[in-house]
Amino acid sequence: MSLQLPAGVVFGEEYQKIVSHCKENKFALAAVNVVGTNSVNAVLEAAAVNRSDVILQLSNGGASFFAGQGMPDQQEAKIIGAVSAAQHIHLVAKHYGVCVILHTDHANRKLIPWIDALLDRGAAYKKKNGRPLFSSHMVDLSEESLEDNLNESERILRRAVDLDMSVEIELGITGGEEDGVGADLDTIDNSKLYTQPEDVLVAYDQLNSIGHFSIAASFGNVHGVYKPGNVQLRPEILRRSQDLVSKTHNLANSNPLDLVFHGGSGSPAASISEAIEYGVFKMNIDTDTQFAFAEGVGAFVDENGAAFKHQIHPDTDEPLKKYYDPRKWLRAGELSLVNRLTQAFTELGSKGRSVAE
Ligand SMILES: [Zn+2]
């Protein structure tokens with residue numbers, strides 16, 4: 001029986017079914033960072049035209065941008081913006097005919113209060129609407145000791161499970177930086193860029209009986225796009241973690257862990273395929289979609305430069321309203337983002353495989 005679910009935001013058991021479906025069929029979903037309705041709608045459009053399910057996620061900075069950079073209390077804006085984005089996505093997602101997972105991105109120790117506040121908001125939302133605000137939150141305490149990391153991740157997971165939600169944790173360190181959370185590649189201990197299978201086993205033993213969680217594992221992946229050669233992608237590291245957990249617990253499933261690939265931008269297609277082979281169901285992409293949006297707007301401005309300086313063309317007297325109307329140049333950014341995601345969905349194998357009814 002192939003999996004079929006109602007279109008729109010999925011969470012809880014339905015989310016877990018999608019994760020298993022991806023792993024069994026060896027494809028992964030793109031998790032795209034969004035910062036406003038333009039990026040949200042463009043990601044949904046890309047998912048619809050490619051018949052691919054998709055993960056929309058907000059970093060703390062993306063969330064505050066959603067509420068507005070002029071909102072006086074920017075700490076509050078991180079919370080309000082994330083709620084606003086989630087409400088918008090709950091409302092529109094089903095009309096695009098695909099399944100959508102709603103996620104937040106890196107939250108280090110400093111940002112744990114943000115996650116707790118979103119869980120509070122999620123509880124109130126669930127009381128009213130029968131569903132959580134988000135499908136899953138990410139907790140990234142990879143800079144701390146394994147014990148501290150897992151104890152706090154466990155606390156958040158227990159709260160999330162009460163709301164029928166999942167949690168993504170991080171073991172090992174993704175290089176580079178995502179919205180102020182991250183590690184400097186020049187100073188970091190190189191072994192930390194590769195998740196240790198023994199740590200993964202400890203995490204599995206501590207969290208698996210509590211609820212559904214996924215693991216952002218490090219295999220040389222880096223946030224952002226850099227000149228090649230800085231670190232080497234070694235997806236086989238993921239295989240070793242899967243093997244250790246599977247063998248230790250005598251599991252029939254050879255890929256028991258639900259793994260997440262951070263820093264997918266700029267990664268070669270072959271490494272993406274290999275990572276999927278080893279149980280990756282989610283690949284985060286932000287840098288490349290940011291660039292795609294900018295590239296689309298930039299090309300429009302290059303072509304219609306006069307409209308960004310004059311309301312009436314100084315040489316031809318032509319009114320330029322139809323070029324400076326924000327819908328025109330923002331749309332150019334959206335279409336460029338849609339194109340970039342078509343490439344991502346193709347590389348991840350999710351194109352044409354939406355499970356939405
Ligand atoms: Zn990341």
# chains A, B, ... in the order shown; residues from 1 in each chain; ligands from 1
call {"tool": "residues_near_ligand", "arguments": {"ligand": "ligand 1", "cutoff": "12 Å", "atoms": "only C-alpha atoms and all ligand atoms", "output": "ChimeraX atom specification"}}
result
/A:31-33,57-59,104-108,138-140,142,168-183,215-218,221-224,260-265,282-287
call {"tool": "residues_around", "arguments": {"residues": "A:Pro235", "least_positions_apart": "4", "cutoff": "10 Å", "atoms": "only C-alpha atoms", "output": "list in words"}}
result
Tyr194, Ala217, Ser218, Phe219, Gly220, Asn221, Arg239, Arg240, Phe261, Ser271, Ile272, Ser273, Glu274, Ala275, Ile276, Glu277, Tyr278 and Val280 of chain A
call {"tool": "atom_distance", "arguments": {"atom1": "atom CA of A:Ala42", "atom2": "atom CA of A:Ile55"}}
result
12.7 Å
call {"tool": "atom_distance", "arguments": {"atom1": "atom CA of A:His21", "atom2": "atom CA of A:Asn50"}}
result
17.9 Å
call {"tool": "atom_distance", "arguments": {"atom1": "atom CA of A:Pro256", "atom2": "atom CA of A:Asp205"}}
result
12.1 Å
call {"tool": "select_by_dssp", "arguments": {"residues": "stretch 270-311 of chain A", "states": "helix (DSSP H, G or I)", "output": "PyMOL selection string"}}
result
chain A and resi 270-277+287-303+305-308
call {"tool": "residues_around", "arguments": {"residues": "A:Ile79", "least_positions_apart": "5", "cutoff": "12 Å", "atoms": "only C-alpha atoms", "output": "ChimeraX atom specification"}}
result
/A:58-68,71,73-74,84-86,104,111-122,133
call {"tool": "residues_around", "arguments": {"residues": "stretch 299-315 of chain A", "least_positions_apart": "2", "cutoff": "10 Å", "atoms": "only C-alpha atoms", "output": "mmCIF file with N, CA and C atoms, in the first residue's frame"}}
result
data_model
loop_
_atom_site.group_PDB
_atom_site.id
_atom_site.type_symbol
_atom_site.label_atom_id
_atom_site.label_comp_id
_atom_site.auth_asym_id
_atom_site.auth_seq_id
_atom_site.Cartn_x
_atom_site.Cartn_y
_atom_site.Cartn_z
ATOM 1 N N ALA A 294 17.799 36.259 -4.731
ATOM 2 C CA ALA A 294 18.548 37.483 -5.052
ATOM 3 C C ALA A 294 18.888 37.550 -6.538
ATOM 4 N N GLU A 295 19.257 36.417 -7.097
ATOM 5 C CA GLU A 295 19.636 36.363 -8.511
ATOM 6 C C GLU A 295 18.453 36.758 -9.402
ATOM 7 N N GLY A 296 17.276 36.272 -9.056
ATOM 8 C CA GLY A 296 16.070 36.596 -9.821
ATOM 9 C C GLY A 296 15.740 38.078 -9.751
ATOM 10 N N VAL A 297 15.830 38.646 -8.546
ATOM 11 C CA VAL A 297 15.558 40.079 -8.383
ATOM 12 C C VAL A 297 16.630 40.889 -9.110
ATOM 13 N N ASP A 317 9.479 58.884 -21.714
ATOM 14 C CA ASP A 317 8.247 59.320 -21.033
ATOM 15 C C ASP A 317 7.292 58.176 -20.694
ATOM 16 N N GLU A 318 7.760 56.944 -20.815
ATOM 17 C CA GLU A 318 6.911 55.792 -20.502
ATOM 18 C C GLU A 318 6.710 55.693 -18.981
ATOM 19 N N PRO A 319 5.443 55.562 -18.529
ATOM 20 C CA PRO A 319 5.242 55.329 -17.089
ATOM 21 C C PRO A 319 5.817 53.965 -16.711
ATOM 22 N N LEU A 320 6.549 53.900 -15.581
ATOM 23 C CA LEU A 320 7.285 52.666 -15.262
ATOM 24 C C LEU A 320 6.649 51.855 -14.138
ATOM 25 N N LYS A 321 5.410 52.222 -13.790
ATOM 26 C CA LYS A 321 4.727 51.563 -12.675
ATOM 27 C C LYS A 321 4.723 50.036 -12.792
ATOM 28 N N LYS A 322 4.546 49.539 -14.004
ATOM 29 C CA LYS A 322 4.452 48.080 -14.151
ATOM 30 C C LYS A 322 5.793 47.378 -13.918
ATOM 31 N N TYR A 323 6.863 48.153 -13.760
ATOM 32 C CA TYR A 323 8.167 47.537 -13.438
ATOM 33 C C TYR A 323 8.552 47.702 -11.963
ATOM 34 N N TYR A 324 8.190 48.866 -11.379
ATOM 35 C CA TYR A 324 8.588 49.039 -9.965
ATOM 36 C C TYR A 324 7.552 48.501 -8.986
ATOM 37 N N ASP A 325 6.387 48.150 -9.456
ATOM 38 C CA ASP A 325 5.403 47.456 -8.613
ATOM 39 C C ASP A 325 6.116 46.270 -7.936
ATOM 40 N N LYS A 328 6.163 42.754 -9.229
ATOM 41 C CA LYS A 328 6.928 42.355 -10.413
ATOM 42 C C LYS A 328 8.301 41.815 -10.026
ATOM 43 N N TRP A 329 9.041 42.584 -9.216
ATOM 44 C CA TRP A 329 10.420 42.147 -8.932
ATOM 45 C C TRP A 329 10.474 41.103 -7.835
ATOM 46 N N LEU A 330 9.506 41.145 -6.901
ATOM 47 C CA LEU A 330 9.474 40.051 -5.915
ATOM 48 C C LEU A 330 9.104 38.742 -6.610
ATOM 49 N N ARG A 331 8.224 38.839 -7.578
ATOM 50 C CA ARG A 331 7.825 37.645 -8.329
ATOM 51 C C ARG A 331 9.028 37.056 -9.078
ATOM 52 N N ALA A 332 9.889 37.938 -9.590
ATOM 53 C CA ALA A 332 11.091 37.444 -10.287
ATOM 54 C C ALA A 332 11.957 36.641 -9.319
ATOM 55 N N GLY A 333 12.045 37.108 -8.066
ATOM 56 C CA GLY A 333 12.779 36.359 -7.045
ATOM 57 C C GLY A 333 12.113 35.029 -6.742
ATOM 58 N N SER A 336 12.684 32.463 -9.526
ATOM 59 C CA SER A 336 14.058 31.957 -9.516
ATOM 60 C C SER A 336 14.235 30.932 -8.389
#
call {"tool": "closest_residue", "arguments": {"among": "A:Ser153, A:Asn339, A:Ser267, A:Asn250", "to": "A:Ser214", "atoms": "only C-alpha atoms"}}
result
A:Ser153
call {"tool": "select_by_dssp", "arguments": {"residues": "stretch 17-255 of chain A", "states": "strand (DSSP E)", "output": "compact mmCIF listing (two decimals) with C-alpha atoms, in the first residue's frame"}}
result
# COMPACT_ATOMS: atom_id res chain seq x y z
CA LEU A 29 12.67 16.14 1.58
CA ALA A 30 14.13 19.60 1.18
CA ALA A 31 13.87 21.74 4.32
CA VAL A 32 13.89 25.32 3.11
CA ASN A 33 14.41 28.32 5.36
CA VAL A 54 8.44 19.78 1.52
CA ILE A 55 9.65 21.06 4.89
CA LEU A 56 9.36 24.76 5.65
CA GLN A 57 11.50 26.03 8.47
CA LEU A 58 12.26 29.20 10.36
CA CYS A 99 2.12 17.70 2.46
CA VAL A 100 4.12 20.23 4.43
CA ILE A 101 6.19 19.79 7.56
CA LEU A 102 6.64 22.89 9.71
CA HIS A 103 9.97 23.08 11.51
CA THR A 104 12.21 25.52 13.34
CA SER A 136 8.98 19.65 14.92
CA HIS A 137 11.49 21.94 16.62
CA MET A 138 15.26 21.76 16.47
CA VAL A 139 17.45 21.87 19.56
CA SER A 166 8.89 15.72 17.07
CA VAL A 167 12.31 17.16 17.88
CA GLU A 168 15.51 17.33 15.87
CA ILE A 169 18.73 17.26 17.88
CA GLU A 170 22.32 17.84 16.76
CA LEU A 171 25.30 15.60 17.45
CA GLY A 176 30.01 27.42 9.31
CA GLU A 177 27.23 29.53 10.69
CA GLU A 178 23.45 29.61 10.39
CA VAL A 181 24.44 29.79 15.56
CA GLY A 182 27.44 27.77 14.53
CA ALA A 183 31.11 27.15 14.55
CA PHE A 213 13.30 12.53 17.23
CA SER A 214 15.66 13.05 14.33
CA ILE A 215 19.40 13.67 14.40
CA ALA A 216 21.37 16.33 12.57
CA ALA A 217 24.58 14.41 12.13
call {"tool": "closest_residue", "arguments": {"among": "A:Phe293, A:Arg353, A:Asp164, A:Glu154", "to": "A:Val338", "atoms": "only C-alpha atoms"}}
result
A:Phe293
call {"tool": "closest_residue", "arguments": {"among": "A:Val245, A:Glu147, A:Asn253, A:Gly352", "to": "A:Pro197", "atoms": "only C-alpha atoms"}}
result
A:Val245
